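final.cif follows; it contains mmCIF, C-alpha atoms.
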```cif
data_coords
loop_
_atom_site.group_PDB
_atom_site.id
_atom_site.type_symbol
_atom_site.label_atom_id
_atom_site.label_comp_id
_atom_site.auth_asym_id
_atom_site.auth_seq_id
_atom_site.Cartn_x
_atom_site.Cartn_y
_atom_site.Cartn_z
ATOM 1 C CA MET A 1 -73.847 18.872 -7.096
ATOM 2 C CA LYS A 2 -75.292 15.390 -6.561
ATOM 3 C CA LEU A 3 -72.782 12.704 -5.745
ATOM 4 C CA VAL A 4 -73.192 9.403 -7.578
ATOM 5 C CA GLY A 5 -72.492 6.136 -5.722
ATOM 6 C CA ARG A 6 -69.877 3.757 -7.100
ATOM 7 C CA ARG A 7 -72.383 1.094 -8.141
ATOM 8 C CA SER A 8 -74.795 3.621 -9.656
ATOM 9 C CA PHE A 9 -71.924 5.118 -11.629
ATOM 10 C CA LEU A 10 -70.722 1.723 -12.840
ATOM 11 C CA GLY A 11 -74.266 0.730 -13.738
ATOM 12 C CA SER A 12 -74.484 3.731 -16.051
ATOM 13 C CA ILE A 13 -71.382 2.797 -18.046
ATOM 14 C CA PRO A 14 -71.991 0.733 -21.204
ATOM 15 C CA GLY A 15 -70.853 -2.877 -21.012
ATOM 16 C CA ALA A 16 -68.184 -2.420 -23.661
ATOM 17 C CA MET A 17 -66.528 0.353 -21.634
ATOM 18 C CA LEU A 18 -66.603 -1.793 -18.497
ATOM 19 C CA LEU A 19 -64.933 -4.599 -20.374
ATOM 20 C CA ALA A 20 -62.302 -2.268 -21.726
ATOM 21 C CA ALA A 21 -61.490 -1.253 -18.159
ATOM 22 C CA ALA A 22 -61.494 -4.841 -16.835
ATOM 23 C CA PRO A 23 -58.117 -6.390 -16.067
ATOM 24 C CA GLN A 24 -56.913 -8.276 -19.113
ATOM 25 C CA SER A 25 -54.331 -11.013 -19.448
ATOM 26 C CA PRO A 26 -52.463 -12.175 -22.521
ATOM 27 C CA ARG A 27 -54.636 -14.670 -24.346
ATOM 28 C CA ASP A 28 -51.899 -17.308 -24.214
ATOM 29 C CA SER A 29 -51.113 -16.855 -20.502
ATOM 30 C CA ILE A 30 -53.966 -16.407 -18.056
ATOM 31 C CA PRO A 31 -52.868 -17.001 -14.452
ATOM 32 C CA ASN A 32 -55.084 -18.980 -12.118
ATOM 33 C CA ARG A 33 -55.569 -18.472 -8.386
ATOM 34 C CA PRO A 34 -52.760 -19.639 -6.125
ATOM 35 C CA LYS A 35 -53.600 -22.818 -4.218
ATOM 36 C CA VAL A 36 -53.222 -21.970 -0.553
ATOM 37 C CA PRO A 37 -53.704 -23.935 2.663
ATOM 38 C CA GLY A 38 -56.862 -23.595 4.686
ATOM 39 C CA THR A 39 -59.885 -25.716 5.555
ATOM 40 C CA ILE A 40 -63.497 -24.588 5.784
ATOM 41 C CA SER A 41 -65.837 -26.372 8.169
ATOM 42 C CA LEU A 42 -69.328 -26.804 6.737
ATOM 43 C CA ARG A 43 -72.341 -27.761 8.849
ATOM 44 C CA ALA A 44 -74.070 -29.824 6.199
ATOM 45 C CA ARG A 45 -77.755 -30.661 6.636
ATOM 46 C CA ARG A 46 -79.043 -33.803 4.932
ATOM 47 C CA ARG A 47 -82.430 -35.519 5.016
ATOM 48 C CA THR A 48 -83.899 -38.944 4.607
ATOM 49 C CA LYS A 49 -87.585 -39.716 4.239
ATOM 50 C CA GLU A 50 -87.320 -42.105 7.159
ATOM 51 C CA SER A 51 -85.493 -40.063 9.798
ATOM 52 C CA GLY A 52 -85.757 -36.439 8.652
ATOM 53 C CA ALA A 53 -82.928 -33.901 8.959
ATOM 54 C CA SER A 54 -79.476 -34.483 10.406
ATOM 55 C CA GLU A 55 -76.204 -32.540 10.358
ATOM 56 C CA GLN A 56 -72.641 -33.584 9.755
ATOM 57 C CA THR A 57 -69.446 -31.552 9.531
ATOM 58 C CA LEU A 58 -67.617 -31.459 6.205
ATOM 59 C CA LEU A 59 -63.991 -30.311 6.193
ATOM 60 C CA TRP A 60 -63.145 -28.971 2.743
ATOM 61 C CA PRO A 61 -59.711 -27.658 1.681
ATOM 62 C CA VAL A 62 -60.119 -24.229 0.101
ATOM 63 C CA ALA A 63 -57.727 -25.241 -2.688
ATOM 64 C CA ARG A 64 -60.190 -27.928 -3.812
ATOM 65 C CA THR A 65 -63.375 -25.855 -3.412
ATOM 66 C CA ALA A 66 -65.308 -23.653 -5.847
ATOM 67 C CA ILE A 67 -68.427 -21.547 -5.403
ATOM 68 C CA ILE A 68 -70.689 -21.475 -8.469
ATOM 69 C CA ILE A 69 -73.044 -18.477 -8.569
ATOM 70 C CA CYS A 70 -76.029 -19.508 -10.674
ATOM 71 C CA ASP A 71 -78.083 -17.053 -12.763
ATOM 72 C CA MET A 72 -77.982 -14.020 -10.449
ATOM 73 C CA TRP A 73 -79.029 -11.757 -13.310
ATOM 74 C CA ASP A 74 -79.367 -7.986 -13.374
ATOM 75 C CA THR A 75 -83.109 -8.308 -14.086
ATOM 76 C CA HIS A 76 -85.764 -10.934 -14.747
ATOM 77 C CA THR A 77 -89.029 -11.446 -16.589
ATOM 78 C CA CYS A 78 -90.702 -11.846 -13.168
ATOM 79 C CA GLY A 79 -90.676 -8.612 -11.168
ATOM 80 C CA MET A 80 -90.937 -10.275 -7.736
ATOM 81 C CA SER A 81 -88.060 -12.591 -8.582
ATOM 82 C CA ALA A 82 -85.905 -9.647 -9.678
ATOM 83 C CA GLN A 83 -86.694 -7.832 -6.419
ATOM 84 C CA ARG A 84 -85.605 -10.804 -4.286
ATOM 85 C CA VAL A 85 -82.412 -11.248 -6.299
ATOM 86 C CA ALA A 86 -81.595 -7.553 -5.807
ATOM 87 C CA LEU A 87 -81.963 -7.995 -2.041
ATOM 88 C CA MET A 88 -79.886 -11.159 -1.993
ATOM 89 C CA ALA A 89 -77.025 -9.969 -4.206
ATOM 90 C CA PRO A 90 -75.258 -7.692 -1.657
ATOM 91 C CA ARG A 91 -75.416 -10.409 1.027
ATOM 92 C CA MET A 92 -74.083 -12.943 -1.443
ATOM 93 C CA ASN A 93 -71.269 -10.604 -2.436
ATOM 94 C CA GLN A 94 -70.172 -10.279 1.195
ATOM 95 C CA VAL A 95 -69.953 -14.056 1.625
ATOM 96 C CA VAL A 96 -68.246 -14.586 -1.735
ATOM 97 C CA SER A 97 -65.718 -11.801 -1.112
ATOM 98 C CA VAL A 98 -64.590 -13.377 2.165
ATOM 99 C CA ALA A 99 -64.493 -16.885 0.666
ATOM 100 C CA ARG A 100 -62.390 -15.578 -2.221
ATOM 101 C CA SER A 101 -59.918 -14.011 0.221
ATOM 102 C CA LEU A 102 -59.606 -17.380 1.988
ATOM 103 C CA GLY A 103 -58.621 -19.095 -1.268
ATOM 104 C CA VAL A 104 -61.930 -20.469 -2.593
ATOM 105 C CA MET A 105 -62.398 -20.339 -6.377
ATOM 106 C CA ILE A 106 -65.355 -18.194 -7.507
ATOM 107 C CA ILE A 107 -67.180 -19.121 -10.725
ATOM 108 C CA HIS A 108 -69.893 -16.773 -11.977
ATOM 109 C CA ALA A 109 -72.505 -18.515 -14.128
ATOM 110 C CA PRO A 110 -75.046 -15.939 -15.395
ATOM 111 C CA SER A 111 -76.413 -17.990 -18.290
ATOM 112 C CA ASP A 112 -77.271 -16.309 -21.612
ATOM 113 C CA THR A 113 -74.932 -13.359 -20.934
ATOM 114 C CA MET A 114 -71.526 -14.590 -22.120
ATOM 115 C CA LYS A 115 -71.344 -11.911 -24.819
ATOM 116 C CA PHE A 116 -71.085 -9.262 -22.094
ATOM 117 C CA TYR A 117 -67.908 -10.911 -20.717
ATOM 118 C CA GLU A 118 -66.343 -11.826 -24.048
ATOM 119 C CA GLY A 119 -62.583 -11.214 -24.111
ATOM 120 C CA THR A 120 -62.171 -10.708 -20.349
ATOM 121 C CA SER A 121 -59.638 -12.740 -18.410
ATOM 122 C CA TRP A 122 -62.494 -14.171 -16.321
ATOM 123 C CA ARG A 123 -64.192 -15.592 -19.409
ATOM 124 C CA GLU A 124 -60.997 -16.741 -21.105
ATOM 125 C CA ARG A 125 -59.804 -18.490 -17.935
ATOM 126 C CA MET A 126 -62.751 -20.888 -18.164
ATOM 127 C CA ARG A 127 -62.895 -21.165 -21.934
ATOM 128 C CA LYS A 128 -59.229 -22.111 -22.279
ATOM 129 C CA ALA A 129 -59.215 -25.020 -19.819
ATOM 130 C CA PRO A 130 -58.414 -28.190 -21.803
ATOM 131 C CA VAL A 131 -61.258 -30.628 -22.374
ATOM 132 C CA ALA A 132 -61.316 -33.271 -19.643
ATOM 133 C CA ALA A 133 -62.647 -36.797 -20.056
ATOM 134 C CA SER A 134 -65.939 -37.332 -18.229
ATOM 135 C CA PRO A 135 -67.697 -40.565 -17.239
ATOM 136 C CA PHE A 136 -70.641 -39.645 -19.487
ATOM 137 C CA PRO A 137 -71.469 -36.817 -21.935
ATOM 138 C CA ILE A 138 -72.056 -33.505 -20.153
ATOM 139 C CA ILE A 139 -75.376 -31.999 -21.193
ATOM 140 C CA ASN A 140 -76.619 -28.416 -20.899
ATOM 141 C CA ARG A 141 -79.789 -29.212 -18.959
ATOM 142 C CA CYS A 142 -80.663 -32.099 -16.658
ATOM 143 C CA PRO A 143 -84.454 -32.350 -16.296
ATOM 144 C CA ARG A 144 -86.270 -34.053 -13.452
ATOM 145 C CA VAL A 145 -86.434 -37.805 -13.545
ATOM 146 C CA PRO A 146 -89.980 -39.227 -13.409
ATOM 147 C CA VAL A 147 -89.827 -40.264 -9.735
ATOM 148 C CA GLU A 148 -88.619 -36.776 -8.817
ATOM 149 C CA GLU A 149 -91.333 -35.105 -10.882
ATOM 150 C CA ARG A 150 -94.003 -37.177 -9.189
ATOM 151 C CA ASP A 151 -92.846 -36.230 -5.682
ATOM 152 C CA PHE A 152 -91.745 -32.642 -6.336
ATOM 153 C CA PRO A 153 -92.974 -30.509 -3.406
ATOM 154 C CA ILE A 154 -94.293 -27.505 -5.358
ATOM 155 C CA ASP A 155 -96.224 -26.976 -8.555
ATOM 156 C CA ASP A 156 -94.072 -24.822 -10.825
ATOM 157 C CA SER A 157 -95.569 -26.038 -14.083
ATOM 158 C CA GLY A 158 -96.771 -22.518 -14.884
ATOM 159 C CA GLY A 159 -93.296 -21.015 -14.405
ATOM 160 C CA GLY A 160 -93.643 -20.078 -10.731
ATOM 161 C CA CYS A 161 -93.755 -16.283 -11.095
ATOM 162 C CA ASP A 162 -95.618 -14.688 -8.181
ATOM 163 C CA ASP A 163 -96.271 -11.273 -9.729
ATOM 164 C CA PRO A 164 -99.873 -10.089 -9.164
ATOM 165 C CA ILE A 165 -100.412 -10.252 -12.904
ATOM 166 C CA VAL A 166 -98.101 -12.753 -14.576
ATOM 167 C CA LYS A 167 -96.940 -11.801 -18.048
ATOM 168 C CA PRO A 168 -96.973 -14.558 -20.678
ATOM 169 C CA GLU A 169 -93.537 -16.162 -21.135
ATOM 170 C CA THR A 170 -92.325 -15.348 -24.642
ATOM 171 C CA GLY A 171 -88.854 -16.897 -24.502
ATOM 172 C CA PRO A 172 -85.669 -15.301 -25.891
ATOM 173 C CA PRO A 173 -84.498 -12.627 -26.196
ATOM 174 C CA TYR A 174 -84.551 -12.328 -22.404
ATOM 175 C CA PRO A 175 -84.174 -9.003 -20.564
ATOM 176 C CA TRP A 176 -81.057 -9.949 -18.579
ATOM 177 C CA SER A 177 -77.681 -8.951 -19.983
ATOM 178 C CA ARG A 178 -75.146 -9.632 -17.189
ATOM 179 C CA GLU A 179 -74.763 -10.759 -13.596
ATOM 180 C CA HIS A 180 -76.254 -8.419 -11.002
ATOM 181 C CA PRO A 181 -73.798 -5.503 -10.567
ATOM 182 C CA ALA A 182 -73.913 -5.854 -6.752
ATOM 183 C CA ILE A 183 -71.806 -9.015 -7.152
ATOM 184 C CA ASP A 184 -68.147 -8.281 -7.843
ATOM 185 C CA ILE A 185 -66.233 -10.196 -10.523
ATOM 186 C CA VAL A 186 -62.554 -9.663 -9.769
ATOM 187 C CA GLY A 187 -59.108 -11.208 -9.626
ATOM 188 C CA PHE A 188 -58.865 -14.906 -10.448
ATOM 189 C CA ASP A 189 -62.652 -15.383 -10.785
ATOM 190 C CA GLY A 190 -64.124 -17.291 -13.716
ATOM 191 C CA VAL A 191 -67.208 -16.720 -15.889
ATOM 192 C CA SER A 192 -68.984 -19.532 -17.720
ATOM 193 C CA GLU A 193 -72.466 -20.839 -18.490
ATOM 194 C CA SER A 194 -71.194 -24.217 -19.690
ATOM 195 C CA GLY A 195 -71.194 -27.393 -17.638
ATOM 196 C CA GLN A 196 -68.428 -28.768 -19.847
ATOM 197 C CA GLU A 197 -66.213 -25.699 -19.402
ATOM 198 C CA ILE A 198 -66.715 -25.695 -15.648
ATOM 199 C CA TYR A 199 -65.964 -29.415 -15.499
ATOM 200 C CA ASN A 200 -62.800 -28.893 -17.572
ATOM 201 C CA PHE A 201 -61.602 -26.079 -15.323
ATOM 202 C CA CYS A 202 -62.305 -27.963 -12.106
ATOM 203 C CA LYS A 203 -60.397 -31.000 -13.345
ATOM 204 C CA GLN A 204 -57.485 -28.784 -14.418
ATOM 205 C CA GLU A 205 -57.370 -27.098 -11.016
ATOM 206 C CA GLY A 206 -57.971 -30.153 -8.831
ATOM 207 C CA ILE A 207 -61.365 -28.892 -7.627
ATOM 208 C CA ASP A 208 -63.735 -31.646 -6.511
ATOM 209 C CA LYS A 209 -65.982 -29.751 -4.078
ATOM 210 C CA ILE A 210 -68.740 -27.396 -5.228
ATOM 211 C CA VAL A 211 -70.920 -24.873 -3.385
ATOM 212 C CA LEU A 212 -73.995 -23.826 -5.362
ATOM 213 C CA MET A 213 -75.791 -20.555 -4.680
ATOM 214 C CA GLY A 214 -78.125 -18.317 -6.654
ATOM 215 C CA VAL A 215 -81.399 -18.896 -8.450
ATOM 216 C CA HIS A 216 -83.669 -20.569 -8.939
ATOM 217 C CA THR A 217 -83.647 -23.407 -6.443
ATOM 218 C CA ASN A 218 -86.265 -25.519 -8.193
ATOM 219 C CA ILE A 219 -85.053 -24.856 -11.730
ATOM 220 C CA CYS A 220 -81.509 -23.821 -12.649
ATOM 221 C CA ILE A 221 -79.824 -24.851 -9.372
ATOM 222 C CA LEU A 222 -80.962 -28.378 -10.211
ATOM 223 C CA ASN A 223 -81.219 -28.319 -14.010
ATOM 224 C CA ARG A 224 -78.184 -26.484 -15.352
ATOM 225 C CA GLY A 225 -75.201 -28.333 -16.798
ATOM 226 C CA PHE A 226 -73.267 -27.194 -13.726
ATOM 227 C CA GLY A 227 -76.220 -27.775 -11.371
ATOM 228 C CA ALA A 228 -76.751 -30.186 -8.513
ATOM 229 C CA ARG A 229 -77.994 -33.132 -10.568
ATOM 230 C CA GLN A 230 -75.170 -33.272 -13.074
ATOM 231 C CA MET A 231 -72.333 -32.286 -10.725
ATOM 232 C CA THR A 232 -73.241 -34.961 -8.176
ATOM 233 C CA ARG A 233 -73.522 -37.550 -10.945
ATOM 234 C CA LEU A 234 -70.076 -36.495 -12.179
ATOM 235 C CA GLY A 235 -68.632 -37.329 -8.771
ATOM 236 C CA PHE A 236 -68.250 -33.883 -7.218
ATOM 237 C CA GLU A 237 -69.099 -33.270 -3.595
ATOM 238 C CA VAL A 238 -71.851 -30.659 -3.773
ATOM 239 C CA VAL A 239 -73.634 -28.498 -1.211
ATOM 240 C CA LEU A 240 -76.299 -25.821 -1.599
ATOM 241 C CA ALA A 241 -76.075 -22.511 0.299
ATOM 242 C CA ARG A 242 -79.667 -22.558 1.520
ATOM 243 C CA ASP A 243 -79.727 -18.940 2.720
ATOM 244 C CA LEU A 244 -78.421 -17.658 -0.621
ATOM 245 C CA THR A 245 -80.998 -19.082 -2.986
ATOM 246 C CA ASP A 246 -84.610 -18.482 -4.005
ATOM 247 C CA SER A 247 -87.256 -20.440 -5.862
ATOM 248 C CA MET A 248 -89.711 -19.677 -8.618
ATOM 249 C CA TYR A 249 -92.898 -20.440 -6.716
ATOM 250 C CA ASP A 250 -96.328 -18.816 -6.755
ATOM 251 C CA PRO A 251 -98.387 -19.231 -3.534
ATOM 252 C CA ARG A 252 -101.510 -19.458 -5.700
ATOM 253 C CA THR A 253 -100.402 -22.971 -6.695
ATOM 254 C CA ARG A 254 -99.877 -26.228 -4.806
ATOM 255 C CA PRO A 255 -99.123 -26.574 -1.893
ATOM 256 C CA PHE A 256 -100.617 -23.072 -1.355
ATOM 257 C CA VAL A 257 -98.006 -21.866 1.145
ATOM 258 C CA SER A 258 -95.948 -18.673 1.347
ATOM 259 C CA HIS A 259 -93.181 -18.085 -1.160
ATOM 260 C CA ALA A 260 -90.574 -18.472 1.612
ATOM 261 C CA ARG A 261 -92.062 -21.803 2.676
ATOM 262 C CA GLY A 262 -92.165 -22.965 -0.939
ATOM 263 C CA THR A 263 -88.433 -22.319 -1.205
ATOM 264 C CA GLU A 264 -87.834 -24.212 2.047
ATOM 265 C CA LEU A 265 -89.728 -27.207 0.666
ATOM 266 C CA VAL A 266 -87.544 -27.267 -2.454
ATOM 267 C CA ILE A 267 -84.401 -27.051 -0.304
ATOM 268 C CA GLN A 268 -85.652 -29.986 1.764
ATOM 269 C CA HIS A 269 -86.255 -31.920 -1.457
ATOM 270 C CA ILE A 270 -82.681 -31.244 -2.572
ATOM 271 C CA GLU A 271 -81.341 -32.281 0.840
ATOM 272 C CA THR A 272 -83.252 -35.552 0.537
ATOM 273 C CA MET A 273 -82.539 -36.443 -3.070
ATOM 274 C CA TRP A 274 -79.395 -34.660 -4.247
ATOM 275 C CA CYS A 275 -77.021 -32.955 -1.809
ATOM 276 C CA PRO A 276 -76.733 -31.390 1.657
ATOM 277 C CA SER A 277 -77.252 -27.700 2.355
ATOM 278 C CA ILE A 278 -75.185 -25.239 4.379
ATOM 279 C CA VAL A 279 -75.425 -21.602 5.439
ATOM 280 C CA GLY A 280 -73.253 -18.967 3.771
ATOM 281 C CA GLU A 281 -71.575 -18.016 7.042
ATOM 282 C CA ASP A 282 -69.677 -21.333 6.947
ATOM 283 C CA LEU A 283 -67.783 -20.040 3.896
ATOM 284 C CA THR A 284 -66.393 -16.994 5.714
ATOM 285 C CA ARG A 285 -63.812 -18.593 8.012
ATOM 286 C CA VAL A 286 -61.268 -21.381 8.035
ATOM 287 C CA VAL A 287 -60.533 -23.847 10.802
ATOM 288 C CA GLN A 288 -58.132 -22.205 13.229
ATOM 289 C CA GLY A 289 -54.534 -22.975 12.286
ATOM 290 C CA SER A 290 -55.409 -24.666 8.990
ATOM 291 C CA ALA A 291 -54.193 -21.714 6.918
ATOM 292 C CA ASP A 292 -50.734 -21.919 8.495
ATOM 293 C CA SER A 293 -49.668 -25.216 6.946
ATOM 294 C CA PRO A 294 -46.210 -25.244 5.339
ATOM 295 C CA ARG A 295 -46.086 -24.685 1.596
ATOM 296 C CA GLY A 296 -46.827 -27.834 -0.334
ATOM 297 C CA GLU A 297 -49.014 -29.464 2.323
ATOM 298 C CA ILE A 298 -52.396 -28.625 0.812
#
```

What is this file in structure tokens?
Amino acid sequence: MKLVGRRSFLGSIPGAMLLAAAPQSPRDSIPNRPKVPGTISLRARRRTKESGASEQTLLWPVARTAIIICDMWDTHTCGMSAQRVALMAPRMNQVVSVARSLGVMIIHAPSDTMKFYEGTSWRERMRKAPVAASPFPIINRCPRVPVEERDFPIDDSGGGCDDPIVKPETGPPYPWSREHPAIDIVGFDGVSESGQEIYNFCKQEGIDKIVLMGVHTNICILNRGFGARQMTRLGFEVVLARDLTDSMYDPRTRPFVSHARGTELVIQHIETMWCPSIVGEDLTRVVQGSADSPRGEI
């Protein structure tokens, strides 16, 4: 008799059955994560055009920090992109699982898949946060400004898929239906695709520090309503986990470098124009002694 692995078994269960088995909370009372002491130390790399890269240490309280996982779908229209996401997802899950255990809030943002999570406590937790006043209207997509478009380091005007034969983009309906199953959604996690919902929840919970990870570095990480452009403009401190992201870049286009180098160039652009970057390992430990603070001193 062939044994079936846990993930393979779960992947074979219809979404509705998974949701039925997911932990549910009363619709009028959905508990949020406890705010615990602890400080993570982030080696943040920033760039300027004049002096290049430099590092500084950021000390972020876990109670005020959220990780947003952007568009780590179960599949993609681009086969090479889907393959890289599948490789990245288990590594990402390891980092996120440790960060969660330290007290960091985890927000899953697999856009276009909210129907799959409808009715779960993770979805309701985000949806029910009261609307918070923002300094300007929160929009769903934040495109490149002209100066950024002019200096953007890669040509992704054709979509950036690096499959040998690129299929024409037909738009919705898209093939993805949920977040990649190698990434766990558990406990006090949240699920949302909305910049407004995520903003509401962060304001409710006193979160002002955001770690972005996921795909794609040159598109959704920057463009989404919860992406680097809008969140920095809204006043959040934002960093990108540079070892847990990937771009949509085809080496057959400018600047005609490897896919890995294309991603590095986009990360460097973000470090110069929008926010610093870190490595995921920084999210897996707290400063020694910082988790032992007396209750109430967060």

### Task
Apply the PyMOL selection byres ((chain A and resi 34-39) around 9) to the file shown and report the selected residues as a VMD selection string.
chain A and resid 31 to 33 40 to 41 59 to 64 102 to 104 188 205 285 to 298

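You will find atom CA of A:Lys167 at 26.1 Å from atom CA of A:Glu193.
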
Using the chain letters and numbers from this file, what does the PyMOL selection byres ((chain A and resi 79-88) around 10) select? Give the answer as a short mmCIF file (atom, residue, chain, number, x, y, z; two decimals) with C-alpha atoms, keeping the file's coordinate frame.
```cif
data_model
loop_
_atom_site.label_atom_id
_atom_site.label_comp_id
_atom_site.auth_asym_id
_atom_site.auth_seq_id
_atom_site.Cartn_x
_atom_site.Cartn_y
_atom_site.Cartn_z
CA ASP A 71 -78.08 -17.05 -12.76
CA MET A 72 -77.98 -14.02 -10.45
CA TRP A 73 -79.03 -11.76 -13.31
CA ASP A 74 -79.37 -7.99 -13.37
CA THR A 75 -83.11 -8.31 -14.09
CA HIS A 76 -85.76 -10.93 -14.75
CA THR A 77 -89.03 -11.45 -16.59
CA CYS A 78 -90.70 -11.85 -13.17
CA ALA A 89 -77.03 -9.97 -4.21
CA PRO A 90 -75.26 -7.69 -1.66
CA ARG A 91 -75.42 -10.41 1.03
CA MET A 92 -74.08 -12.94 -1.44
CA ASN A 93 -71.27 -10.60 -2.44
CA GLY A 160 -93.64 -20.08 -10.73
CA CYS A 161 -93.76 -16.28 -11.10
CA ASP A 162 -95.62 -14.69 -8.18
CA ASP A 163 -96.27 -11.27 -9.73
CA PRO A 164 -99.87 -10.09 -9.16
CA VAL A 166 -98.10 -12.75 -14.58
CA LYS A 167 -96.94 -11.80 -18.05
CA HIS A 180 -76.25 -8.42 -11.00
CA PRO A 181 -73.80 -5.50 -10.57
CA ALA A 182 -73.91 -5.85 -6.75
CA ILE A 183 -71.81 -9.02 -7.15
CA GLY A 214 -78.12 -18.32 -6.65
CA VAL A 215 -81.40 -18.90 -8.45
CA HIS A 216 -83.67 -20.57 -8.94
CA ASP A 243 -79.73 -18.94 2.72
CA LEU A 244 -78.42 -17.66 -0.62
CA THR A 245 -81.00 -19.08 -2.99
CA ASP A 246 -84.61 -18.48 -4.00
CA SER A 247 -87.26 -20.44 -5.86
CA MET A 248 -89.71 -19.68 -8.62
CA TYR A 249 -92.90 -20.44 -6.72
#
```

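What separates atom CA of A:Gly225 from atom CA of A:Ser258 is a distance of 29.2 Å.
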
Kindly provide the residues of stretch 175-258 of chain A that approach stretch 119-126 of chain A to within 9 Å, each paired with its closest atom pair and their distance in Å to one decimal, based on all atoms listed in the file, listed by chain and increasing number, as a tab-separated table.
```
residue	atom	partner	partner_atom	distance
A:Ile185	CA	A:Trp122	CA	8.0
A:Val186	CA	A:Trp122	CA	8.0
A:Gly187	CA	A:Trp122	CA	8.1
A:Phe188	CA	A:Trp122	CA	6.9
A:Asp189	CA	A:Trp122	CA	5.7
A:Gly190	CA	A:Trp122	CA	4.4
A:Val191	CA	A:Arg123	CA	4.8
A:Ser192	CA	A:Met126	CA	6.4
A:Glu197	CA	A:Met126	CA	6.1
A:Ile198	CA	A:Met126	CA	6.7
A:Asn200	CA	A:Met126	CA	8.0
A:Phe201	CA	A:Met126	CA	6.0
```

Give me a file of those residues, with C-alpha atoms, as a PDB file, in the coordinates of the input.
```pdb
ATOM      1  CA  ILE A 185     -66.233 -10.196 -10.523  1.00  0.00           C
ATOM      2  CA  VAL A 186     -62.554  -9.663  -9.769  1.00  0.00           C
ATOM      3  CA  GLY A 187     -59.108 -11.208  -9.626  1.00  0.00           C
ATOM      4  CA  PHE A 188     -58.865 -14.906 -10.448  1.00  0.00           C
ATOM      5  CA  ASP A 189     -62.652 -15.383 -10.785  1.00  0.00           C
ATOM      6  CA  GLY A 190     -64.124 -17.291 -13.716  1.00  0.00           C
ATOM      7  CA  VAL A 191     -67.208 -16.720 -15.889  1.00  0.00           C
ATOM      8  CA  SER A 192     -68.984 -19.532 -17.720  1.00  0.00           C
ATOM      9  CA  GLU A 197     -66.213 -25.699 -19.402  1.00  0.00           C
ATOM     10  CA  ILE A 198     -66.715 -25.695 -15.648  1.00  0.00           C
ATOM     11  CA  ASN A 200     -62.800 -28.893 -17.572  1.00  0.00           C
ATOM     12  CA  PHE A 201     -61.602 -26.079 -15.323  1.00  0.00           C
TER      13      PHE A 201
END
```

### Query
atom CA of A:Val238 and atom CA of A:Val211, how far apart in Å?
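Here the two named atoms are 5.9 Å from each other.
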
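The shortest atom-to-atom distance to A:Phe116, with all atoms listed in the file taken into account, belongs to A:Arg178 out of A:Arg150, A:Arg141, A:Arg178, A:Arg224.
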
### Contacts of A:Glu271 within 12 Å, all atoms listed in the file, excl. fewer than 2 positions in-chain, as number ranges by chain
A: 44-49, 52-55, 217, 222, 228-229, 238-242, 264-269, 273-278

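Nearest to A:Asn223 of all the residues A:Cys142, A:Ile30, A:Val147, A:Val98 is A:Cys142, counting all atoms listed in the file.
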
### Summary
One residue among A:Ile165, A:Ile207, A:Leu42, A:Ile139 is nearest to A:Ile107 when using all atoms listed in the file, and that residue is A:Ile207

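Distance check against A:Pro153 using all atoms listed in the file: of A:Arg43, A:His259, A:Lys128, A:Arg254, the minimum falls on A:Arg254.
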
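Among the candidate residues A:Met114, A:Val145, A:Val96, A:Ile154, the one lying nearest to A:Asp184 is A:Val96, with distances computed using all atoms listed in the file.
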
### Query
Which protein, DNA or RNA residues have an atom at most 8 Å from (-73.0, -23.7, -9.3), counting only C-alpha atoms? List them as a PyMOL selection string.
chain A and resi 67-70+107+109+210-214+221+226-228

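When all atoms listed in the file are used to measure the gap to A:Ser134, the shortest distance among A:Gly280, A:Gly195, A:Pro255, A:Pro110 belongs to A:Gly195.
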
Could I get stretch 58-83 of chain A from the block written out with C-alpha atoms, as a compact mmCIF listing (two decimals), in the first residue's frame?
```
# COMPACT_ATOMS: atom_id res chain seq x y z
CA LEU A 58 16.72 48.06 12.64
CA LEU A 59 15.29 46.94 15.98
CA TRP A 60 11.62 46.09 15.52
CA PRO A 61 9.26 44.95 18.31
CA VAL A 62 7.49 41.77 17.23
CA ALA A 63 4.20 43.17 18.54
CA ARG A 64 4.37 45.97 15.96
CA THR A 65 5.59 43.85 13.03
CA ALA A 66 3.72 41.99 10.28
CA ILE A 67 4.94 39.83 7.42
CA ILE A 68 2.88 40.17 4.23
CA ILE A 69 3.22 37.20 1.86
CA CYS A 70 2.45 38.50 -1.62
CA ASP A 71 0.91 36.34 -4.38
CA MET A 72 2.63 33.02 -3.61
CA TRP A 73 0.04 31.17 -5.69
CA ASP A 74 -0.39 27.44 -6.19
CA THR A 75 0.30 27.84 -9.93
CA HIS A 76 0.96 30.51 -12.53
CA THR A 77 0.46 31.26 -16.20
CA CYS A 78 4.27 31.17 -16.57
CA GLY A 79 5.69 27.70 -15.99
CA MET A 80 9.19 28.87 -14.97
CA SER A 81 7.70 31.30 -12.47
CA ALA A 82 5.54 28.54 -10.96
CA GLN A 83 8.61 26.29 -10.64
```
